[in-house]
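Have a look at protein.txt; it's compact mmCIF, C-alpha atoms and all ligand atoms:
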# COMPACT_ATOMS: atom_id res chain seq x y z
CA MET A 1197 -15.81 37.28 -47.75
CA LYS A 1198 -13.82 39.67 -45.63
CA ARG A 1199 -15.87 41.84 -43.36
CA GLY A 1200 -16.41 45.41 -44.67
CA TRP A 1201 -16.03 44.52 -48.34
CA LEU A 1202 -18.96 45.04 -50.75
CA LYS A 1203 -20.58 42.12 -52.63
CA ASP A 1204 -18.79 43.10 -55.86
CA GLY A 1205 -15.45 43.11 -54.07
CA ARG A 1206 -15.04 46.89 -53.92
CA MET A 1207 -13.95 48.66 -50.81
CA PRO A 1208 -16.72 50.91 -49.60
CA GLY A 1209 -15.71 54.36 -50.67
CA LYS A 1210 -16.49 57.51 -48.75
CA PRO A 1211 -20.13 58.19 -49.82
CA THR A 1212 -21.01 61.77 -50.51
CA ASN A 1213 -24.74 61.47 -51.21
CA PRO A 1214 -26.87 60.85 -48.02
CA HIS A 1215 -29.08 58.35 -49.88
CA LYS A 1216 -26.04 56.51 -51.07
CA LEU A 1217 -24.60 56.65 -47.55
CA ARG A 1218 -27.75 55.06 -46.04
CA SER A 1219 -27.86 52.36 -48.71
CA HIS A 1220 -24.11 51.69 -48.20
CA LEU A 1221 -24.64 51.37 -44.49
CA ARG A 1222 -27.65 49.11 -44.93
CA GLU A 1223 -25.65 46.96 -47.36
CA LEU A 1224 -22.75 46.77 -44.91
CA ALA A 1225 -25.05 45.91 -41.96
CA TYR A 1226 -26.70 43.23 -44.06
CA LEU A 1227 -23.40 41.73 -45.10
CA GLN A 1228 -22.09 41.77 -41.54
CA SER A 1229 -25.25 40.22 -40.05
CA ARG A 1230 -25.27 37.54 -42.79
CA GLU A 1231 -21.64 36.73 -42.08
CA LEU A 1232 -22.37 36.35 -38.37
CA VAL A 1233 -24.92 33.61 -38.83
CA THR A 1234 -22.84 31.36 -41.14
CA PRO A 1235 -22.42 27.82 -39.74
CA CYS A 1236 -18.71 28.48 -39.33
CA ARG A 1237 -19.36 31.52 -37.18
CA LEU A 1238 -21.90 29.64 -35.14
CA LEU A 1239 -19.43 26.86 -34.49
CA LEU A 1240 -16.77 29.37 -33.55
CA VAL A 1241 -19.11 31.15 -31.14
CA LEU A 1242 -20.01 27.77 -29.63
CA ILE A 1243 -16.36 26.80 -29.17
CA VAL A 1244 -15.47 30.16 -27.65
CA SER A 1245 -18.43 29.89 -25.26
CA ILE A 1246 -17.40 26.38 -24.17
CA CYS A 1247 -13.84 27.59 -23.66
CA LEU A 1248 -15.10 30.48 -21.57
CA VAL A 1249 -17.22 28.20 -19.40
CA LEU A 1250 -14.29 25.81 -18.93
CA LEU A 1251 -11.96 28.67 -18.14
CA ILE A 1252 -14.32 29.99 -15.49
CA ALA A 1253 -14.77 26.52 -13.99
CA TYR A 1254 -11.03 25.92 -14.03
CA SER A 1255 -10.23 29.29 -12.48
CA VAL A 1256 -12.61 28.48 -9.61
CA ASP A 1257 -10.81 25.16 -9.00
CA TYR A 1258 -7.48 26.79 -9.43
CA LYS A 1259 -8.38 29.45 -6.89
CA GLU A 1260 -9.31 26.75 -4.42
CA TYR A 1261 -6.03 25.01 -5.10
CA ILE A 1262 -4.13 28.22 -4.51
CA ILE A 1263 -5.90 28.66 -1.19
CA ASP A 1264 -5.09 25.04 -0.35
CA ASP A 1265 -1.50 25.59 -1.21
CA THR A 1266 -0.95 27.98 1.66
CA ASP A 1267 -2.58 25.40 3.84
CA GLU A 1268 -1.20 22.33 2.12
CA VAL A 1269 -1.45 19.66 4.80
CA ASN A 1270 -4.62 19.97 6.74
CA MET A 1271 -6.14 16.76 8.02
CA THR A 1272 -9.08 18.64 9.46
CA LYS A 1273 -10.27 19.37 5.93
CA ARG A 1274 -9.12 16.59 3.64
CA PRO A 1275 -7.37 13.21 3.61
CA TYR A 1276 -3.63 13.27 3.87
CA VAL A 1277 -1.98 11.55 0.93
CA GLN A 1278 1.74 10.90 0.92
CA ASP A 1279 3.34 12.35 -2.22
CA HIS A 1280 5.96 9.79 -3.14
CA GLN A 1281 7.19 11.72 -6.17
CA CYS A 1282 7.86 14.71 -3.97
CA LEU A 1283 9.60 12.53 -1.37
CA LYS A 1284 11.80 11.06 -4.08
CA GLN A 1285 12.74 14.54 -5.23
CA THR A 1286 13.50 15.63 -1.66
CA ARG A 1287 15.77 12.62 -1.33
CA GLU A 1288 17.60 13.54 -4.53
CA GLU A 1289 18.14 17.06 -3.25
CA MET A 1290 19.32 15.74 0.07
CA LEU A 1291 21.71 13.29 -1.59
CA SER A 1292 23.36 16.12 -3.42
CA HIS A 1293 23.36 18.22 -0.24
CA TYR A 1294 25.32 15.45 1.50
CA GLY A 1295 27.57 15.10 -1.54
CA TYR A 1296 26.33 11.64 -2.58
CA SER A 1297 25.43 10.66 -6.10
CA PRO A 1298 21.83 9.52 -6.66
CA SER A 1299 21.35 5.78 -6.27
CA PHE A 1300 17.87 4.65 -7.04
CA GLN A 1301 18.20 0.97 -7.58
CA LYS A 1302 19.71 -0.37 -4.46
CA VAL A 1303 19.39 -0.41 -0.73
CA GLU A 1304 22.45 1.06 0.91
CA LYS A 1305 24.12 -0.52 3.93
CA ARG A 1306 25.20 2.15 6.39
CA SER A 1307 27.14 2.45 9.62
CA SER A 1308 27.60 5.55 11.79
CA LEU A 1309 24.49 7.01 10.23
CA SER A 1310 23.29 9.99 12.23
CA LEU A 1311 19.60 10.32 13.06
CA GLU A 1312 19.57 13.59 11.14
CA GLU A 1313 20.95 11.93 8.03
CA PHE A 1314 18.51 9.02 8.42
CA TRP A 1315 15.60 11.48 8.50
CA ASP A 1316 16.94 13.41 5.52
CA LEU A 1317 17.91 10.57 3.19
CA TYR A 1318 15.89 7.49 4.04
CA ASP A 1319 13.07 7.89 6.53
CA ALA A 1320 9.71 7.69 4.68
CA LYS A 1321 11.63 7.86 1.40
CA TRP A 1322 13.88 4.91 0.73
CA PRO A 1323 14.76 1.63 2.53
CA VAL A 1324 18.11 1.37 4.26
CA ILE A 1325 20.12 -1.23 6.16
CA VAL A 1326 21.98 -0.08 9.27
CA GLN A 1327 24.77 -2.38 10.40
CA ASP A 1328 25.95 -1.07 13.74
CA ILE A 1329 22.89 -1.32 15.97
CA VAL A 1330 22.23 -5.01 16.69
CA PRO A 1331 25.83 -6.13 17.45
CA ASP A 1332 25.63 -4.23 20.76
CA TRP A 1333 22.51 -6.03 21.90
CA GLU A 1334 22.51 -8.71 24.57
CA ALA A 1335 20.17 -10.70 22.32
CA TYR A 1336 22.81 -10.80 19.59
CA LYS A 1337 25.34 -12.17 22.02
CA THR A 1338 23.24 -14.69 23.97
CA TRP A 1339 20.18 -15.84 22.02
CA SER A 1340 21.39 -19.18 20.77
CA LYS A 1341 19.11 -22.21 20.24
CA GLU A 1342 20.65 -23.71 23.38
CA PHE A 1343 19.75 -20.57 25.32
CA PHE A 1344 16.07 -20.93 24.37
CA LEU A 1345 16.07 -24.65 25.04
CA LYS A 1346 17.66 -24.19 28.44
CA ASN A 1347 15.46 -21.33 29.61
CA TYR A 1348 12.18 -21.65 27.69
CA ARG A 1349 11.94 -25.31 26.68
CA HIS A 1350 8.28 -25.72 27.67
CA HIS A 1351 7.12 -22.20 26.95
CA ARG A 1352 4.44 -21.97 24.32
CA ILE A 1353 4.77 -19.92 21.21
CA MET A 1354 2.64 -19.10 18.17
CA LEU A 1355 3.75 -20.39 14.81
CA LYS A 1356 2.57 -20.73 11.25
CA ALA A 1357 3.03 -24.01 9.42
CA VAL A 1358 2.81 -24.32 5.66
CA GLU A 1359 2.29 -27.54 3.74
CA GLY A 1360 1.62 -26.32 0.23
CA VAL A 1361 1.14 -22.74 -0.80
CA LEU A 1362 1.65 -19.81 1.56
CA GLU A 1363 -2.03 -18.88 1.46
CA GLU A 1364 -2.88 -22.19 3.13
CA GLY A 1365 -0.66 -21.64 6.16
CA VAL A 1366 -2.16 -22.71 9.48
CA ALA A 1367 -1.54 -21.14 12.89
CA PHE A 1368 -0.57 -23.35 15.83
CA VAL A 1369 0.66 -23.00 19.37
CA ARG A 1370 3.63 -25.24 20.18
CA SER A 1371 6.34 -25.42 22.81
CA ILE A 1372 9.80 -24.13 22.00
CA GLU A 1373 11.06 -27.69 22.26
CA GLU A 1374 8.59 -28.88 19.64
CA PHE A 1375 9.45 -26.01 17.36
CA LEU A 1376 13.14 -26.82 17.66
CA SER A 1377 12.47 -30.37 16.54
CA LEU A 1378 10.82 -28.94 13.40
CA LEU A 1379 14.01 -27.04 12.64
CA ASP A 1380 15.81 -30.35 12.14
CA GLN A 1381 13.42 -31.51 9.42
CA CYS A 1382 14.53 -30.45 6.00
CA GLY A 1383 11.83 -28.46 4.30
CA ASP A 1384 11.40 -26.96 0.88
CA MET A 1385 9.53 -24.06 -0.72
CA ARG A 1386 6.21 -25.69 0.20
CA HIS A 1387 7.08 -27.15 3.61
CA TRP A 1388 8.19 -24.85 6.38
CA SER A 1389 7.34 -23.39 9.78
CA TYR A 1390 7.61 -19.89 11.10
CA ILE A 1391 7.24 -18.50 14.61
CA GLU A 1392 5.46 -15.15 14.26
CA ASP A 1393 4.69 -14.26 17.85
CA GLU A 1394 3.88 -10.74 18.97
CA MET A 1395 3.43 -11.55 22.67
CA PHE A 1396 6.31 -13.86 23.57
CA LEU A 1397 8.84 -11.12 24.26
CA LEU A 1398 6.35 -8.71 25.79
CA GLN A 1399 5.31 -11.34 28.32
CA ARG A 1400 8.94 -11.97 29.25
CA PRO A 1401 10.48 -8.63 30.22
CA GLU A 1402 13.79 -10.28 31.12
CA LEU A 1403 14.05 -11.46 27.50
CA ARG A 1404 12.69 -8.25 26.06
CA SER A 1405 15.42 -6.34 27.90
CA HIS A 1406 18.00 -8.16 25.76
CA ILE A 1407 16.87 -6.05 22.86
CA GLY A 1408 19.10 -3.03 23.15
CA ASN A 1409 18.77 0.51 22.00
CA ASN A 1410 17.91 1.43 18.44
CA TYR A 1411 18.50 5.16 18.04
CA LEU A 1412 16.40 5.24 14.84
CA LEU A 1413 13.41 4.77 17.13
CA ASP A 1414 14.39 7.55 19.54
CA GLU A 1415 11.45 9.56 18.31
CA ASN A 1416 8.53 7.16 18.24
CA PHE A 1417 5.02 8.55 18.55
CA PHE A 1418 3.55 5.10 19.18
CA ASN A 1419 4.65 5.74 22.76
CA LEU A 1420 1.97 8.44 22.86
CA PHE A 1421 -0.82 5.95 22.12
CA PRO A 1422 -2.95 4.81 25.07
CA PRO A 1423 -1.47 1.45 26.19
CA GLN A 1424 -4.70 -0.41 25.38
CA ILE A 1425 -4.36 0.30 21.64
CA ARG A 1426 -0.60 0.76 21.35
CA PRO A 1427 0.67 -1.74 18.77
CA TRP A 1428 2.78 -4.54 20.27
CA ASP A 1429 6.29 -3.54 19.45
CA SER A 1430 8.55 -6.57 19.43
CA MET A 1431 7.43 -9.44 17.29
CA LEU A 1432 9.61 -12.52 17.46
CA LEU A 1433 10.16 -14.16 14.08
CA TRP A 1434 12.01 -17.46 14.01
CA GLY A 1435 11.73 -19.54 10.91
CA THR A 1436 13.06 -22.59 9.16
CA LYS A 1437 14.78 -22.23 5.83
CA TYR A 1438 12.19 -21.26 3.13
CA SER A 1439 9.86 -19.70 5.69
CA ARG A 1440 8.49 -16.35 4.70
CA SER A 1441 6.08 -13.59 5.47
CA THR A 1442 3.18 -12.63 3.24
CA LEU A 1443 3.59 -9.81 0.75
CA HIS A 1444 2.10 -6.89 2.63
CA MET A 1445 2.27 -3.36 3.90
CA ASP A 1446 2.13 -3.09 7.69
CA PRO A 1447 -0.94 -2.12 9.74
CA TYR A 1448 -1.59 1.63 9.78
CA ASN A 1449 1.08 1.77 7.05
CA TRP A 1450 3.81 2.34 9.61
CA THR A 1451 7.54 2.19 8.91
CA ALA A 1452 8.71 -1.39 9.41
CA VAL A 1453 11.94 -2.05 11.27
CA SER A 1454 13.41 -5.56 11.17
CA ALA A 1455 16.51 -6.67 13.10
CA VAL A 1456 18.14 -10.02 12.26
CA ILE A 1457 19.72 -11.64 15.32
CA TRP A 1458 21.01 -14.61 13.37
CA GLY A 1459 20.46 -16.04 9.89
CA ARG A 1460 19.79 -14.32 6.59
CA LYS A 1461 16.71 -12.83 4.95
CA ARG A 1462 16.08 -11.95 1.35
CA TRP A 1463 13.57 -9.14 0.88
CA LYS A 1464 11.52 -7.98 -2.05
CA LEU A 1465 10.64 -4.32 -1.57
CA PHE A 1466 8.04 -2.73 -3.81
CA PRO A 1467 8.15 1.05 -4.30
CA PRO A 1468 4.75 2.70 -3.71
CA GLY A 1469 1.97 2.97 -6.26
CA GLN A 1470 1.74 -0.60 -7.59
CA ASP A 1471 -1.38 -1.92 -5.86
CA THR A 1472 -2.96 -3.16 -9.10
CA TYR A 1473 0.01 -5.35 -9.95
CA LEU A 1474 0.11 -6.74 -6.42
CA TYR A 1475 -3.57 -7.70 -6.26
CA ILE A 1476 -4.46 -5.74 -3.17
CA SER A 1477 -8.12 -5.96 -2.30
CA PRO A 1478 -9.35 -2.63 -0.86
CA LYS A 1479 -11.87 -4.35 1.41
CA GLN A 1480 -9.57 -6.13 3.88
CA ARG A 1481 -9.63 -4.97 7.50
CA CYS A 1482 -6.94 -5.56 10.10
CA GLY A 1483 -9.63 -6.34 12.70
CA PHE A 1484 -7.81 -4.64 15.59
CA PRO A 1485 -9.96 -2.68 18.08
CA LEU A 1486 -8.35 0.41 16.58
CA ASP A 1487 -9.40 -0.82 13.17
CA CYS A 1488 -7.46 -0.23 9.99
CA ARG A 1489 -7.29 -1.34 6.41
CA LYS A 1490 -5.26 -4.45 5.80
CA TYR A 1491 -2.83 -4.33 2.93
CA ASN A 1492 -2.10 -7.95 2.14
CA SER A 1493 -1.36 -9.28 -1.30
CA LYS A 1494 -2.55 -12.68 -2.46
CA VAL A 1495 0.70 -13.12 -4.36
CA ASP A 1496 3.64 -15.00 -2.90
CA SER A 1497 6.40 -13.09 -4.66
CA PHE A 1498 8.86 -15.94 -3.98
CA ASP A 1499 6.58 -18.57 -5.51
CA VAL A 1500 4.37 -16.72 -7.97
CA ASP A 1501 1.46 -18.35 -9.73
CA TYR A 1502 1.43 -16.25 -12.91
CA MET A 1503 -1.68 -18.03 -14.21
CA TRP A 1504 -3.66 -16.49 -11.37
CA TYR A 1505 -1.67 -13.28 -11.01
CA PRO A 1506 -0.47 -12.29 -14.51
CA LYS A 1507 -0.25 -8.57 -13.71
CA PHE A 1508 2.38 -9.29 -11.09
CA GLN A 1509 4.91 -9.56 -13.94
CA LYS A 1510 4.73 -5.80 -14.27
CA ALA A 1511 5.51 -5.15 -10.61
CA GLU A 1512 8.89 -3.54 -9.93
CA TYR A 1513 10.84 -4.33 -6.82
CA ILE A 1514 14.24 -4.07 -5.26
CA GLU A 1515 15.87 -7.14 -3.75
CA VAL A 1516 18.15 -6.95 -0.79
CA GLU A 1517 19.82 -9.42 1.53
CA GLN A 1518 19.78 -8.72 5.25
CA ASN A 1519 22.44 -10.51 7.22
CA SER A 1520 22.90 -11.35 10.85
CA GLY A 1521 23.22 -8.18 12.96
CA GLU A 1522 21.62 -5.86 10.41
CA VAL A 1523 18.56 -3.62 10.76
CA LEU A 1524 16.37 -2.99 7.73
CA VAL A 1525 14.04 0.01 7.68
CA ILE A 1526 11.16 -0.12 5.20
CA PRO A 1527 9.31 3.18 4.68
CA SER A 1528 5.54 3.64 4.85
CA GLY A 1529 3.96 2.95 1.48
CA TRP A 1530 6.34 0.14 0.46
CA PHE A 1531 4.93 -3.38 0.14
CA HIS A 1532 7.43 -5.99 1.24
CA GLN A 1533 7.97 -9.71 1.68
CA ALA A 1534 10.74 -11.49 3.58
CA PHE A 1535 12.18 -14.92 2.78
CA ASN A 1536 14.45 -16.74 5.23
CA GLU A 1537 17.30 -18.17 3.18
CA GLU A 1538 18.44 -20.18 6.17
CA GLU A 1539 17.11 -20.68 9.69
CA THR A 1540 16.67 -17.11 10.87
CA LEU A 1541 15.65 -15.33 14.05
CA SER A 1542 14.65 -11.70 13.88
CA ILE A 1543 12.63 -9.05 15.68
CA SER A 1544 10.22 -6.69 14.01
CA THR A 1545 9.08 -3.39 15.35
CA GLN A 1546 7.49 -0.25 14.00
CA LEU A 1547 8.15 3.43 13.73
CA MET A 1548 5.90 6.47 13.73
CA ASN A 1549 7.71 9.80 13.78
CA ARG A 1550 7.73 13.29 12.30
CA ASN A 1551 8.08 11.89 8.77
CA ASN A 1552 5.18 9.45 8.66
CA TYR A 1553 2.81 10.28 11.52
CA LEU A 1554 0.21 11.85 9.22
CA VAL A 1555 0.11 8.67 7.13
CA ILE A 1556 -0.67 6.68 10.27
CA LEU A 1557 -3.28 9.11 11.60
CA GLU A 1558 -4.97 9.05 8.20
CA GLU A 1559 -5.10 5.24 8.32
CA ILE A 1560 -6.78 5.49 11.72
CA ILE A 1561 -9.38 7.83 10.20
CA LYS A 1562 -9.80 5.42 7.26
CA GLY A 1563 -10.40 2.71 9.86
CA LYS A 1564 -13.45 4.76 10.96
CA ASN A 1565 -12.20 5.07 14.52
CA LEU A 1566 -12.90 8.77 14.49
CA ASN A 1567 -14.25 11.35 12.14
CA ARG A 1568 -12.04 14.00 10.57
CA LYS A 1569 -14.63 16.60 11.62
CA GLN A 1570 -13.83 15.90 15.27
CA LEU A 1571 -10.37 17.42 14.80
CA PRO A 1572 -10.34 21.03 16.01
CA PRO A 1573 -9.50 23.74 13.45
CA HIS A 1574 -6.16 24.52 15.11
CA PHE A 1575 -5.06 20.87 14.85
CA ASN A 1576 -2.53 21.40 12.06
CA THR A 1577 -0.93 24.34 13.83
CA LEU A 1578 0.29 22.05 16.63
CA LEU A 1579 3.65 20.35 16.78
CA PRO A 1580 3.58 16.73 15.53
CA PRO A 1581 3.66 15.03 18.97
CA ASP A 1582 0.92 17.37 20.22
CA GLN A 1583 -1.17 16.49 17.18
CA VAL A 1584 -0.76 12.81 17.99
CA LYS A 1585 -1.68 13.36 21.66
CA LEU A 1586 -4.77 15.36 20.74
CA PHE A 1587 -5.77 12.81 18.13
CA MET A 1588 -5.45 9.99 20.64
CA SER A 1589 -7.54 11.84 23.20
CA LEU A 1590 -10.42 11.70 20.70
CA ILE A 1591 -10.39 7.90 20.32
CA PRO A 1592 -13.67 6.60 21.79
CA LYS A 1593 -13.44 4.90 25.19
CA LYS A 1594 -15.25 1.90 23.71
CA ILE A 1595 -12.25 1.21 21.46
CA LEU A 1596 -9.83 1.43 24.39
CA LYS A 1597 -11.94 -1.05 26.31
CA GLN A 1598 -11.97 -3.47 23.40
CA GLY A 1599 -8.21 -3.10 23.09
CA LYS A 1600 -7.73 -4.30 26.63
CA GLU A 1601 -10.14 -7.18 26.18
CA ILE A 1602 -8.38 -8.41 23.05
CA THR A 1603 -4.94 -8.30 24.69
CA ASP A 1604 -6.29 -10.30 27.63
CA PHE A 1605 -7.90 -12.78 25.26
CA VAL A 1606 -4.71 -13.39 23.28
CA LEU A 1607 -2.65 -13.83 26.42
CA GLU A 1608 -5.18 -16.27 27.77
CA SER A 1609 -5.33 -18.24 24.49
CA VAL A 1610 -1.57 -18.69 24.41
CA ASN A 1611 -1.33 -19.59 28.09
CA MET A 1612 -4.31 -21.91 28.25
CA SER A 1613 -3.92 -23.87 25.03
CA SER A 1614 -1.76 -26.95 25.26
CA THR A 1615 -0.40 -28.38 22.05
CA GLN A 1616 -3.79 -28.60 20.39
CA ASP A 1617 -4.40 -26.39 17.36
CA LEU A 1618 -5.85 -23.02 18.05
CA ASP A 1619 -8.98 -21.85 16.38
CA ASN A 1620 -7.30 -19.93 13.56
CA SER A 1621 -10.14 -17.57 12.93
CA ALA A 1622 -9.99 -16.48 16.55
CA LEU A 1623 -6.27 -15.87 16.25
CA GLU A 1624 -6.62 -13.94 13.04
CA GLU A 1625 -9.37 -11.80 14.55
CA ALA A 1626 -7.11 -11.08 17.49
O1 LIG B 1701 10.69 -10.91 8.79
C1 LIG B 1701 9.62 -11.21 8.29
O2 LIG B 1701 9.31 -12.37 8.02
C2 LIG B 1701 8.64 -10.13 7.89
C3 LIG B 1701 8.65 -8.97 8.80
C4 LIG B 1701 7.85 -7.85 8.25
O3 LIG B 1701 7.29 -7.91 7.22
C5 LIG B 1701 7.75 -6.62 9.00
O4 LIG B 1701 8.44 -6.44 9.99
O5 LIG B 1701 6.95 -5.78 8.60
With the file now loaded, output its structure as structure tokens.
Amino acid sequence: MKRGWLKDGRMPGKPTNPHKLRSHLRELAYLQSRELVTPCRLLLVLIVSICLVLLIAYSVDYKEYIIDDTDEVNMTKRPYVQDHQCLKQTREEMLSHYGYSPSFQKVEKRSSLSLEEFWDLYDAKWPVIVQDIVPDWEAYKTWSKEFFLKNYRHHRIMLKAVEGVLEEGVAFVRSIEEFLSLLDQCGDMRHWSYIEDEMFLLQRPELRSHIGNNYLLDENFFNLFPPQIRPWDSMLLWGTKYSRSTLHMDPYNWTAVSAVIWGRKRWKLFPPGQDTYLYISPKQRCGFPLDCRKYNSKVDSFDVDYMWYPKFQKAEYIEVEQNSGEVLVIPSGWFHQAFNEEETLSISTQLMNRNNYLVILEEIIKGKNLNRKQLPPHFNTLLPPDQVKLFMSLIPKKILKQGKEITDFVLESVNMSSTQDLDNSALEEA
């Protein structure tokens, strides 16, 4: 019944008699109060109340969000999370700014790419291959097999040997001469060897100096790290055909930079946000003194066991071939795996700059090396390199000391061991 109508359906007229007026009013009040307590009304009141409560709760959250918005990136208050959707959109805008059409399924090969354009279009956003860096290097011109045999025949080097599946790879120390003899054996997908040595070039400055300039690394905040915990920056990778890396994201989630001196690599590059399909366990640690999470997949994307890893079928990736003389840059957040399609020698390094430094600092916090609360309130008002310097000054001395000890230990292990197998767990720890 509509409110204000009498039981018999009449509209209440204008009562003239005071008695009638009182009884009309009483009747109206009765009708209205009866209507209010119907189950329908009750339900409605309940729904409205719930909505009101939700609205109040939401507006409180929303207000907080608005406040955050003016203060969007603030590591002193909350974890920094890279917004890959936003980065993708920025790249699209930048592509149109430069007059390029969007290309989201391939890795472009570029020459004469300015640093500015690299930062705008690729850095932290999309992988790219740059073709005109390595050909100027002394290493590109002189590092033949004969060169290594002549100058480093008996020098020891760390390598991984696989007889079976990738997961069962074993680390060894061998001389260059012995490794070269392995190159002559013909392997297959389950038999191969791979030098993955982070110290060989660093210990031999004359060789290290053959790696020329790479302008993409002109701004590299790793140089602001104390030397004891600064990541080693020129890993030598020299593998037989079929050799390959694991499927992984790099320590501290840095930008990976690979330069092929000779040979050919095929890469599978996985855009961010697919951890479930790649079987990434959240509990792995890198075990460095400046500890970090380790992002290694159990899947060998070039030899997948779908019985064990069925979800991998859903993973999306881009494939690209990197030829001799080319540099591949893989942004933070992208899992990747390299496969040497022929005997290949390359050098890997890492990049931390204005576009990914917060990702790396956040990984260092996740590694429990320091507490977010130790960052002073003005931290995010500083320029990026000053933020990195301040952050580094807060790293406990104990960690720096351990860093030095580990470096000394690794150097000693490589120098002291003859051709006997190294204790793998010790190497992995290191
Ligand atoms: O070249 C390789 O085998 C892998 C290198 C790599 O994954 C890296 O540089 O991050």
Provide an axis-aligned box for all listed atoms of ligand LIG 1701 (chain B), padding each side by 6 Å; report its centre and its edge lengths in Å to one decimal, as lines of an AutoDock Vina configuration file.
center_x = 8.8
center_y = -9.1
center_z = 8.6
size_x = 15.7
size_y = 18.6
size_z = 14.8
Exercise for the section: List all protein, DNA and RNA residues that have at least one atom no more than 9 Å from any atom of ligand LIG 1701 (chain B), counting only C-alpha atoms and all ligand atoms, and write them as a VMD selection string. Expected result: chain A and resid 1390 1392 1431 to 1435 1439 to 1447 1450 to 1456 1461 1463 1524 to 1526 1531 to 1536 1540 to 1546
Exercise for the section: Find the residues around range 1356-1358 of chain A up to 12 Å (only C-alpha atoms counted), leave out those fewer than 4 positions away in its own chain, and share them as number ranges by chain. Expected result: A: 1362-1370, 1375, 1378-1379, 1383-1393, 1433-1436, 1438-1442, 1617-1618, 1620, 1623-1624
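Distance check against Gln1278 in chain A using only C-alpha atoms: of A:Asp1487, A:Glu1601, A:Tyr1553, A:His1406, the minimum falls on A:Tyr1553.
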Practice task
Pick out the closest residue to Met1395 in chain A from this set: A:Phe1421, A:Arg1426, A:Pro1580, A:Met1354. Count all atoms listed in the file.
Solution key: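 Smallest distance to Met1395 in chain A is found for A:Met1354.
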Practice task
Could you check which of A:His1280, A:Lys1597, A:Lys1510, A:Lys1564 is closest to Cys1488 in chain A, using all atoms listed in the file?
Solution key: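 Result for the nearest residue to Cys1488 in chain A: A:Lys1564.
For the pair CA of Val1584 in chain A and CA of Asn1416 in chain A, the interatomic distance is 10.9 Å.
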Within 12 Å of Ile1407 in chain A, counting all atoms listed in the file, which residues show up once you throw out same-chain ones fewer than 3 positions away? Write them as a PDB file with C-alpha atoms, in the frame of the given file, please.
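Ended up saving to around-v2.pdb:
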ATOM      1  CA  ILE A1329      22.890  -1.320  15.970  1.00  0.00           C
ATOM      2  CA  VAL A1330      22.230  -5.010  16.690  1.00  0.00           C
ATOM      3  CA  PRO A1331      25.830  -6.130  17.450  1.00  0.00           C
ATOM      4  CA  ASP A1332      25.630  -4.230  20.760  1.00  0.00           C
ATOM      5  CA  TRP A1333      22.510  -6.030  21.900  1.00  0.00           C
ATOM      6  CA  GLU A1334      22.510  -8.710  24.570  1.00  0.00           C
ATOM      7  CA  ALA A1335      20.170 -10.700  22.320  1.00  0.00           C
ATOM      8  CA  TYR A1336      22.810 -10.800  19.590  1.00  0.00           C
ATOM      9  CA  LYS A1337      25.340 -12.170  22.020  1.00  0.00           C
ATOM     10  CA  THR A1338      23.240 -14.690  23.970  1.00  0.00           C
ATOM     11  CA  TRP A1339      20.180 -15.840  22.020  1.00  0.00           C
ATOM     12  CA  LEU A1397       8.840 -11.120  24.260  1.00  0.00           C
ATOM     13  CA  LEU A1398       6.350  -8.710  25.790  1.00  0.00           C
ATOM     14  CA  ARG A1400       8.940 -11.970  29.250  1.00  0.00           C
ATOM     15  CA  PRO A1401      10.480  -8.630  30.220  1.00  0.00           C
ATOM     16  CA  GLU A1402      13.790 -10.280  31.120  1.00  0.00           C
ATOM     17  CA  LEU A1403      14.050 -11.460  27.500  1.00  0.00           C
ATOM     18  CA  ARG A1404      12.690  -8.250  26.060  1.00  0.00           C
ATOM     19  CA  ASN A1410      17.910   1.430  18.440  1.00  0.00           C
ATOM     20  CA  ASP A1429       6.290  -3.540  19.450  1.00  0.00           C
ATOM     21  CA  SER A1430       8.550  -6.570  19.430  1.00  0.00           C
ATOM     22  CA  MET A1431       7.430  -9.440  17.290  1.00  0.00           C
ATOM     23  CA  LEU A1432       9.610 -12.520  17.460  1.00  0.00           C
ATOM     24  CA  ALA A1455      16.510  -6.670  13.100  1.00  0.00           C
ATOM     25  CA  VAL A1456      18.140 -10.020  12.260  1.00  0.00           C
ATOM     26  CA  ILE A1457      19.720 -11.640  15.320  1.00  0.00           C
ATOM     27  CA  GLY A1521      23.220  -8.180  12.960  1.00  0.00           C
ATOM     28  CA  SER A1542      14.650 -11.700  13.880  1.00  0.00           C
ATOM     29  CA  ILE A1543      12.630  -9.050  15.680  1.00  0.00           C
ATOM     30  CA  SER A1544      10.220  -6.690  14.010  1.00  0.00           C
ATOM     31  CA  THR A1545       9.080  -3.390  15.350  1.00  0.00           C
TER      32      THR A1545
END
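Restricting the calculation to all atoms listed in the file, the smallest distance between Ile1561 in chain A and any of A:Leu1317, A:Pro1423, A:Trp1322, A:Arg1274 is found for A:Arg1274.
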Problem - Point-to-point distance in Å for CA of Lys1490 in chain A and CA of Tyr1473 in chain A - result: 16.6 Å
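The residue that comes closest to Asp1499 in chain A, out of A:Asp1471, A:Ser1477, A:Leu1566, A:Gly1360 and on the basis of only C-alpha atoms, is A:Gly1360.
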Practice task
Please identify all polymer residues within 12 Å of Thr1603 in chain A, counting only C-alpha atoms, omitting same-chain residues fewer than 4 positions from it, and present them as a PyMOL selection string.
Solution key: chain A and resi 1394-1395+1398-1399+1423-1428+1484-1485+1596-1599+1607-1610+1623+1625-1626
Exercise for the section: May I ask for the distance between CA of Phe1508 in chain A and CA of Leu1474 in chain A, given in Å to one decimal place? Expected result: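 Interatomic distance, CA of Phe1508 in chain A to CA of Leu1474 in chain A: 5.8 Å.
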